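One structure below.
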Amino acid sequence: MKLSEVLKNIKPLQVAGDMDVEICGVNIDSRRIGNGHLFISMKGTLADGHKFIGKAIDQGARAILCEDMPEELKAGVTYVQVPSTEDVAGRAATNFYGNPSTKLTLVGVTGTNGKTTIATLLYNMFRKMGHKCGLLSTVCNYIEDEAVPADHTTPDPIELNMLLARMVEAGCEYAFMECSSHAIAQKRIGGLTFAGGIFTNLTRDHLDYHKTFENYRNAKKAFFDALPKSAFAITNADDKNGMVMVQNTKATIKTYSTRSMADFKARIIECHFEGMYLDIDNHEVGVQFIGKFNVSNLLAVYASAVMLGQQPEDILLVMSTLHSVSGRLEPIRSPEGYTAIVDYAHTPDALANVLNAIHEVLDGKGKVVTVCGAGGNRDKGKRPLMAQEAVKQSDKVIITSDNPRFEEPQAIIDDMLAGLNAQQMKKVLCIVDRREAIRTACMLARKGDVVLIAGKGHEDYQEIKGVKHHFDDKEVVRDIFNG
Ligand SMILES: CC(=O)N[C@H]1[C@@H](OP(=O)(O)OP(=O)(O)OC[C@H]2O[C@@H](n3ccc(=O)[nH]c3=O)[C@H](O)[C@@H]2O)O[C@H](CO)[C@@H](O)[C@@H]1O[C@H](C)C(=O)N[C@@H](C)C(=O)N[C@H](CCC(=O)O)C(=O)O
Ligand SMILES: Nc1ncnc2c1ncn2[C@@H]1O[C@H](COP(=O)(O)OP(=O)(O)OP(=O)(O)O)[C@@H](O)[C@H]1O
Ligand SMILES: N[C@H](CCC[C@H](N)C(=O)O)C(=O)O
Ligand SMILES: [Mg+2]
């Protein structure tokens, strides 16, 4: 494809060189540049991509998109200067990959918690209805049934468009994706055409990156602000920020609620460890999920399927066959008759919700032992709050490690403990080694009790000082149960 076509609809400040050169790849990372590629140099949080222009050219880059023109220009290379490479990287990637988001129906999910759950359930539901689908999520990306490992909740603009193009090639009619706040703020989703957007909820997370809650909220809102008129915007009327999200959108607004008047409503009729019996828009349905928050998630799925043209009866029939997503409230029964639950709760709100869900089912008939930690090099402010939420609704809490990354594991634990008073501390044990923490929790549990292992869900690693060591909560639990 000609460089001029890759940069269609992008207004340059300055061009040096030939705009008709053939481009056979686009990249924002010099390490992935090959012969004939366009290198987009971006100013990031750790490095300035402009520093790698020379390296990109050595590796074969034929064109450079940049904010600052280099002092020395190499012959045979085209340089295009724009005010912000971050603003146009998505558009360039979209152009290069043939505008894939316009060739399928793309739905994005944003919010603090529930994105993976909703996107995955929509993908599973539409496949069961006989449609070819793609999924972009924290756990894994899928092109129909081909799994493509995910490093991020939302991939960078190049990988994102490449995956969408592969979905189009595979004949996918629908793609469901998570839109993280980092991705929206960094414009990884720039240039995409969404058919719909879903908002789950907004609670504290990622303040290390966004600095204030308002910035975090505005990042999420920017997704809805950018939706086209033809799209739908489904929002959670039960969340304080539900209506704020859609106040400036051009899309058709639909609300969902488990508490008040809304376009889509649901309530719990009955609830057991195996699942719940729900009323969704005056239809009764049995589902294999527990927890009030999953009623909201399922309602968002229902609302999206209706907005995508499916019939309520068909949606509910498939919904009753859906299972929980990997590492989300996943129960494993011990031979002794207690239940271990592996869950991805890694925010104060998610911990409170998952513990609520457990108590709704336990109904005072068993104890709860919680194992949790907090991620290193991530929002420090959530640490004491997570410890408080765990202590509030558990009989015993074992505080341990969860991806310490480049921090000292004990220092993260100390930040969590700082949220607790002497009385609360009586419930708490600290065990840095996560395997030992889980083993101890299992030793403390008796028949009828629940051991909640929170924070890592589907993850199969523990990240320590930049190295990912194999570690899988579910595998550890099964090993313990097998003696
Ligand atoms: C803080 C953050 O979000 N950083 C993301 C961001 O990187 P950055 O802009 O800071 O990049 P940088 O390292 O400063 O480098 C600047 C530029 O130089 C380039 N470079 C760098 C080195 C080199 O040798 N050559 C080169 O060309 C880089 O490719 C980049 O274009 O853009 C990169 C490309 O999209 C991401 O990989 C990177 O994710 C980092 C690794 C990360 O950990 N991100 C997490 C926090 C994240 O994004 N999480 C969210 C959601 C979490 C949730 O679900 O709750 C996610 O979507 O996964
Ligand atoms: N609607 C919800 N409201 C509150 N908590 C939820 C909700 N749905 C899920 N959770 C909790 O949050 C955890 C993460 O859920 P999920 O993976 O679906 O969220 P996510 O938004 O994709 O998270 P991430 O930001 O890491 O991608 C679950 O394990 C559960 O504890
Ligand atoms: N996508 C989230 C996941 C956190 C999961 C938890 N296990 C941790 O490592 O903090 C993040 O990168 O902040
Ligand atoms: Mg997710």
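Here, A, B, ... name the chains of the structure tokens in the order displayed, residue numbers run from 1 inside each chain, and ligands are numbered from 1 in the same displayed order.
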Q: List all protein, DNA and RNA residues that have any atom at most 9 Å from ligand 3, counting only C-alpha atoms and all ligand atoms, and write the list as a ChimeraX atom specification.
A: /A:138,152-153,180,205-206,344-347,373-379,402-405,454-457,459,462-463
Go ahead and write the selection's residues with C-alpha atoms as an mmCIF file, in the first residue's frame.
```
data_model
loop_
_atom_site.group_PDB
_atom_site.id
_atom_site.type_symbol
_atom_site.label_atom_id
_atom_site.label_comp_id
_atom_site.auth_asym_id
_atom_site.auth_seq_id
_atom_site.Cartn_x
_atom_site.Cartn_y
_atom_site.Cartn_z
ATOM 1 C CA THR A 138 -7.741 -9.622 29.137
ATOM 2 C CA HIS A 152 -3.101 -6.418 27.422
ATOM 3 C CA THR A 153 -6.801 -5.906 28.072
ATOM 4 C CA SER A 180 -9.501 -0.254 29.113
ATOM 5 C CA ASP A 205 -8.529 1.754 40.214
ATOM 6 C CA HIS A 206 -5.482 2.809 38.179
ATOM 7 C CA TYR A 344 -10.066 -11.970 39.641
ATOM 8 C CA ALA A 345 -11.204 -9.305 42.150
ATOM 9 C CA HIS A 346 -8.291 -6.850 42.236
ATOM 10 C CA THR A 347 -10.079 -3.660 43.296
ATOM 11 C CA GLY A 373 -2.750 -9.329 47.732
ATOM 12 C CA ALA A 374 -2.299 -6.230 45.579
ATOM 13 C CA GLY A 375 -0.277 -5.711 42.411
ATOM 14 C CA GLY A 376 3.129 -4.018 42.502
ATOM 15 C CA ASN A 377 3.735 -0.882 40.379
ATOM 16 C CA ARG A 378 0.007 -0.233 40.298
ATOM 17 C CA ASP A 379 -2.336 2.108 42.230
ATOM 18 C CA ASP A 402 -0.024 -10.697 43.687
ATOM 19 C CA ASN A 403 2.454 -9.798 40.930
ATOM 20 C CA PRO A 404 4.882 -7.714 43.037
ATOM 21 C CA ARG A 405 6.547 -6.650 39.757
ATOM 22 C CA ALA A 454 -8.760 -13.336 44.913
ATOM 23 C CA GLY A 455 -6.795 -11.196 42.486
ATOM 24 C CA LYS A 456 -5.262 -13.467 39.877
ATOM 25 C CA GLY A 457 -8.200 -15.353 38.361
ATOM 26 C CA GLU A 459 -3.460 -15.579 35.326
ATOM 27 C CA GLN A 462 3.490 -14.464 39.237
ATOM 28 C CA GLU A 463 5.476 -11.477 37.957
#
```
Q. What do you get as a VMD selection string if you pick all residues at most 8 Å from ligand 2, counting only C-alpha atoms and all ligand atoms?
A. chain A and resid 110 to 118 137 to 138 153 178 180 200 to 201 293 to 297 325 327 to 329 343 to 347 349 to 351 353 to 354 454 to 455 457
(Q) Can you pull out the residues contacting Ile453 in chain A? Cut-off 7 Å, using only C-alpha atoms, and skip same-chain residues under 2 positions away; I want them as a ChimeraX atom specification. (A) /A:341-343,370-372,451
Dump the neighbourhood of ligand 1 as a CSV table (one decimal) with N, CA and C atoms, in the first residue's frame: all residues within 6 Å, distances computed on only C-alpha atoms and all ligand atoms.
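Produced file part_32.csv, reproduced below:
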```csv
chain,number,residue,atom,x,y,z
A,28,ILE,N,4.6,0.7,15.9
A,28,ILE,CA,4.9,1.8,16.9
A,28,ILE,C,6.2,1.4,17.7
A,29,ASP,N,6.7,0.2,17.5
A,29,ASP,CA,7.8,-0.3,18.2
A,29,ASP,C,8.9,-0.7,17.3
A,30,SER,N,10.1,0.0,17.4
A,30,SER,CA,11.2,-0.1,16.5
A,30,SER,C,11.7,-1.6,16.5
A,31,ARG,N,11.5,-2.3,17.6
A,31,ARG,CA,11.9,-3.7,17.7
A,31,ARG,C,11.2,-4.6,16.8
A,42,MET,N,6.3,7.5,19.0
A,42,MET,CA,5.4,8.0,20.0
A,42,MET,C,6.1,8.4,21.3
A,43,LYS,N,5.6,9.4,21.9
A,43,LYS,CA,6.2,9.8,23.2
A,43,LYS,C,5.4,9.1,24.3
A,44,GLY,N,6.1,8.1,24.9
A,44,GLY,CA,5.4,7.2,25.9
A,44,GLY,C,5.6,7.6,27.3
A,45,THR,N,5.3,6.8,28.3
A,45,THR,CA,5.4,7.1,29.7
A,45,THR,C,6.8,6.8,30.1
A,46,LEU,N,7.5,5.8,29.5
A,46,LEU,CA,8.9,5.4,29.9
A,46,LEU,C,9.9,5.9,28.9
A,47,ALA,N,9.6,6.0,27.6
A,47,ALA,CA,10.6,6.3,26.6
A,47,ALA,C,10.0,7.3,25.6
A,48,ASP,N,10.9,7.9,24.8
A,48,ASP,CA,10.5,8.7,23.7
A,48,ASP,C,10.8,7.9,22.4
A,49,GLY,N,9.8,7.5,21.7
A,49,GLY,CA,9.9,6.7,20.5
A,49,GLY,C,10.8,7.4,19.4
A,52,PHE,N,14.3,6.1,18.8
A,52,PHE,CA,14.5,4.9,18.1
A,52,PHE,C,14.4,5.0,16.6
A,152,HIS,N,-2.4,-7.6,26.9
A,152,HIS,CA,-3.1,-6.4,27.4
A,152,HIS,C,-4.6,-6.7,27.4
A,153,THR,N,-5.3,-5.9,28.2
A,153,THR,CA,-6.8,-5.9,28.1
A,153,THR,C,-7.2,-5.4,26.7
A,154,THR,N,-6.6,-4.3,26.3
A,154,THR,CA,-6.8,-3.8,24.9
A,154,THR,C,-5.5,-3.7,24.2
A,156,ASP,N,-2.3,-2.8,21.5
A,156,ASP,CA,-1.9,-1.5,20.9
A,156,ASP,C,-2.6,-1.4,19.5
A,180,SER,N,-10.0,-0.7,27.8
A,180,SER,CA,-9.5,-0.3,29.1
A,180,SER,C,-9.3,1.3,29.1
A,182,HIS,N,-6.7,2.8,30.1
A,182,HIS,CA,-5.4,3.2,29.5
A,182,HIS,C,-5.5,3.3,28.0
A,183,ALA,N,-6.2,2.3,27.4
A,183,ALA,CA,-6.3,2.2,25.9
A,183,ALA,C,-7.1,3.4,25.4
```
Q: Kindly indicate which residue among A:Asp473, A:Glu360, A:Asp151, A:Asp281 lies nearest to ligand 4, using only C-alpha atoms and all ligand atoms for the distances.
A: A:Asp151
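Candidate residues A:Glu159, A:Glu5, A:Asp238, A:Glu144 were compared for distance to Phe96 in chain A, and the nearest is A:Glu5, using only C-alpha atoms.
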Excluding range 56-69 of chain A and its own-chain neighbours fewer than 2 positions away, which residues fall within 7 Å of it when counting only C-alpha atoms? Please give them as a short mmCIF file (atom, residue, chain, number, x, y, z; two decimals) with N, CA and C atoms, in the first residue's frame.
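Done, and the output landed in result-v4.cif:
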```cif
data_model
loop_
_atom_site.label_atom_id
_atom_site.label_comp_id
_atom_site.auth_asym_id
_atom_site.auth_seq_id
_atom_site.Cartn_x
_atom_site.Cartn_y
_atom_site.Cartn_z
N SER A 30 10.08 0.04 17.44
CA SER A 30 11.21 -0.15 16.52
C SER A 30 11.67 -1.60 16.50
N ILE A 33 10.12 -3.54 13.69
CA ILE A 33 10.18 -2.98 12.32
C ILE A 33 10.90 -3.95 11.38
N GLY A 34 10.35 -4.08 10.17
CA GLY A 34 10.98 -4.88 9.12
C GLY A 34 11.15 -4.04 7.87
N ASN A 35 11.66 -4.66 6.79
CA ASN A 35 11.91 -3.95 5.54
C ASN A 35 10.66 -3.34 4.95
N GLY A 36 10.71 -2.05 4.61
CA GLY A 36 9.58 -1.42 3.95
C GLY A 36 8.47 -0.98 4.88
N HIS A 37 8.76 -0.93 6.19
CA HIS A 37 7.72 -0.56 7.16
C HIS A 37 7.65 0.96 7.38
N LEU A 38 6.48 1.38 7.94
CA LEU A 38 6.33 2.74 8.46
C LEU A 38 6.54 2.65 9.97
N PHE A 39 7.46 3.47 10.52
CA PHE A 39 7.65 3.51 11.97
C PHE A 39 6.97 4.76 12.51
N ILE A 40 6.06 4.56 13.47
CA ILE A 40 5.38 5.69 14.11
C ILE A 40 6.07 5.96 15.44
N SER A 41 6.70 7.11 15.60
CA SER A 41 7.41 7.36 16.86
C SER A 41 6.49 8.10 17.83
N PHE A 52 14.28 6.15 18.77
CA PHE A 52 14.51 4.88 18.09
C PHE A 52 14.36 4.99 16.57
N ILE A 53 14.25 6.23 16.06
CA ILE A 53 14.07 6.42 14.61
C ILE A 53 15.27 5.82 13.85
N GLY A 54 16.48 6.11 14.34
CA GLY A 54 17.69 5.59 13.68
C GLY A 54 17.68 4.07 13.64
N GLU A 71 17.09 15.98 13.11
CA GLU A 71 17.96 17.01 12.52
C GLU A 71 18.53 16.54 11.19
N VAL A 77 14.34 7.80 2.70
CA VAL A 77 13.33 7.61 3.75
C VAL A 77 12.38 8.81 3.71
N THR A 78 11.07 8.55 3.82
CA THR A 78 10.11 9.66 3.85
C THR A 78 9.77 9.99 5.30
N TYR A 79 9.80 11.28 5.64
CA TYR A 79 9.48 11.72 7.00
C TYR A 79 8.19 12.54 6.95
N VAL A 80 7.25 12.19 7.81
CA VAL A 80 5.99 12.94 7.86
C VAL A 80 5.80 13.43 9.29
N GLN A 81 5.66 14.75 9.44
CA GLN A 81 5.51 15.32 10.78
C GLN A 81 4.03 15.64 11.03
N VAL A 82 3.54 15.25 12.21
CA VAL A 82 2.15 15.56 12.61
C VAL A 82 2.18 16.15 14.03
N PRO A 83 1.12 16.86 14.44
CA PRO A 83 1.15 17.45 15.80
C PRO A 83 1.19 16.37 16.89
N SER A 84 0.45 15.27 16.68
CA SER A 84 0.44 14.22 17.71
C SER A 84 0.38 12.84 17.05
N THR A 85 1.43 12.06 17.23
CA THR A 85 1.43 10.72 16.62
C THR A 85 0.42 9.83 17.33
#
```
Q: To one decimal in Å, tell me the separation between CA of Lys465 in chain A and CA of Glu407 in chain A.
A: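 It comes out at 7.6 Å.
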Q: List every residue of range 111-207 of chain A that DSSP, applied to the backbone, labels as strand (DSSP E), and write the result as a ChimeraX atom specification.
A: /A:133-136,141-143,146-148,174-178,196-199
May I have the selected residues written with N, CA and C atoms, as a PDB file, in the first residue's frame?
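Final output, selection-v8.pdb:
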```pdb
ATOM      1  N   CYS A 133     -17.588 -15.084  15.284  1.00  0.00           N
ATOM      2  CA  CYS A 133     -17.265 -13.946  16.167  1.00  0.00           C
ATOM      3  C   CYS A 133     -15.792 -13.886  16.524  1.00  0.00           C
ATOM      4  N   GLY A 134     -15.378 -12.693  16.927  1.00  0.00           N
ATOM      5  CA  GLY A 134     -14.047 -12.495  17.491  1.00  0.00           C
ATOM      6  C   GLY A 134     -14.180 -11.887  18.880  1.00  0.00           C
ATOM      7  N   LEU A 135     -13.112 -12.047  19.682  1.00  0.00           N
ATOM      8  CA  LEU A 135     -13.104 -11.507  21.049  1.00  0.00           C
ATOM      9  C   LEU A 135     -11.730 -10.927  21.359  1.00  0.00           C
ATOM     10  N   LEU A 136     -11.703  -9.714  21.930  1.00  0.00           N
ATOM     11  CA  LEU A 136     -10.433  -9.144  22.402  1.00  0.00           C
ATOM     12  C   LEU A 136     -10.600  -8.904  23.897  1.00  0.00           C
ATOM     13  N   ASN A 141      -7.387 -13.469  23.374  1.00  0.00           N
ATOM     14  CA  ASN A 141      -8.102 -12.994  22.187  1.00  0.00           C
ATOM     15  C   ASN A 141      -8.522 -14.207  21.372  1.00  0.00           C
ATOM     16  N   TYR A 142      -9.637 -14.084  20.662  1.00  0.00           N
ATOM     17  CA  TYR A 142     -10.086 -15.194  19.810  1.00  0.00           C
ATOM     18  C   TYR A 142     -10.504 -14.686  18.445  1.00  0.00           C
ATOM     19  N   ILE A 143     -10.091 -15.437  17.416  1.00  0.00           N
ATOM     20  CA  ILE A 143     -10.615 -15.225  16.064  1.00  0.00           C
ATOM     21  C   ILE A 143     -11.405 -16.495  15.805  1.00  0.00           C
ATOM     22  N   GLU A 146      -9.861 -19.767  17.165  1.00  0.00           N
ATOM     23  CA  GLU A 146      -8.395 -19.702  17.253  1.00  0.00           C
ATOM     24  C   GLU A 146      -7.993 -18.746  18.379  1.00  0.00           C
ATOM     25  N   ALA A 147      -7.242 -19.282  19.364  1.00  0.00           N
ATOM     26  CA  ALA A 147      -6.824 -18.452  20.499  1.00  0.00           C
ATOM     27  C   ALA A 147      -5.538 -17.703  20.153  1.00  0.00           C
ATOM     28  N   VAL A 148      -5.518 -16.400  20.419  1.00  0.00           N
ATOM     29  CA  VAL A 148      -4.301 -15.597  20.234  1.00  0.00           C
ATOM     30  C   VAL A 148      -3.998 -14.969  21.599  1.00  0.00           C
ATOM     31  N   TYR A 174     -19.242 -10.466  13.995  1.00  0.00           N
ATOM     32  CA  TYR A 174     -19.215  -9.650  15.216  1.00  0.00           C
ATOM     33  C   TYR A 174     -17.829  -9.698  15.864  1.00  0.00           C
ATOM     34  N   ALA A 175     -17.453  -8.592  16.516  1.00  0.00           N
ATOM     35  CA  ALA A 175     -16.276  -8.604  17.391  1.00  0.00           C
ATOM     36  C   ALA A 175     -16.662  -7.898  18.683  1.00  0.00           C
ATOM     37  N   PHE A 176     -16.319  -8.534  19.800  1.00  0.00           N
ATOM     38  CA  PHE A 176     -16.598  -7.943  21.111  1.00  0.00           C
ATOM     39  C   PHE A 176     -15.252  -7.641  21.747  1.00  0.00           C
ATOM     40  N   MET A 177     -15.100  -6.435  22.287  1.00  0.00           N
ATOM     41  CA  MET A 177     -13.790  -6.095  22.860  1.00  0.00           C
ATOM     42  C   MET A 177     -13.913  -5.276  24.136  1.00  0.00           C
ATOM     43  N   GLU A 178     -12.861  -5.414  24.980  1.00  0.00           N
ATOM     44  CA  GLU A 178     -12.756  -4.584  26.180  1.00  0.00           C
ATOM     45  C   GLU A 178     -12.019  -3.311  25.812  1.00  0.00           C
ATOM     46  N   GLY A 196     -21.581  -0.277  18.911  1.00  0.00           N
ATOM     47  CA  GLY A 196     -22.178  -0.093  20.227  1.00  0.00           C
ATOM     48  C   GLY A 196     -21.133  -0.049  21.322  1.00  0.00           C
ATOM     49  N   GLY A 197     -21.540   0.556  22.460  1.00  0.00           N
ATOM     50  CA  GLY A 197     -20.663   0.630  23.616  1.00  0.00           C
ATOM     51  C   GLY A 197     -21.450   0.277  24.866  1.00  0.00           C
ATOM     52  N   ILE A 198     -20.774  -0.356  25.834  1.00  0.00           N
ATOM     53  CA  ILE A 198     -21.438  -0.754  27.078  1.00  0.00           C
ATOM     54  C   ILE A 198     -20.629  -0.209  28.251  1.00  0.00           C
ATOM     55  N   PHE A 199     -21.327   0.398  29.227  1.00  0.00           N
ATOM     56  CA  PHE A 199     -20.643   0.843  30.447  1.00  0.00           C
ATOM     57  C   PHE A 199     -21.064  -0.060  31.599  1.00  0.00           C
TER      58      PHE A 199
END
```
**Q.** From A:Ile234, A:Leu385, A:Leu420, A:Ile464, residue lying nearest Ala305 in chain A [only C-alpha atoms]
**A.**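 Residue with the minimum atom-to-atom distance to Ala305 in chain A: A:Ile234.
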Q: Per DSSP on the backbone, filter range 129-335 of chain A down to the residues in alpha helix (DSSP H) and report them as a PyMOL selection string.
A: chain A and resi 157-169+181-185+207-210+213-225+242-245+292-307+312-319
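For Lys447 in chain A, the list of residues within 7 Å, based on only C-alpha atoms and with local chain neighbours fewer than 5 positions off taken out, reads A:Glu336, A:Gly337, A:Tyr338.
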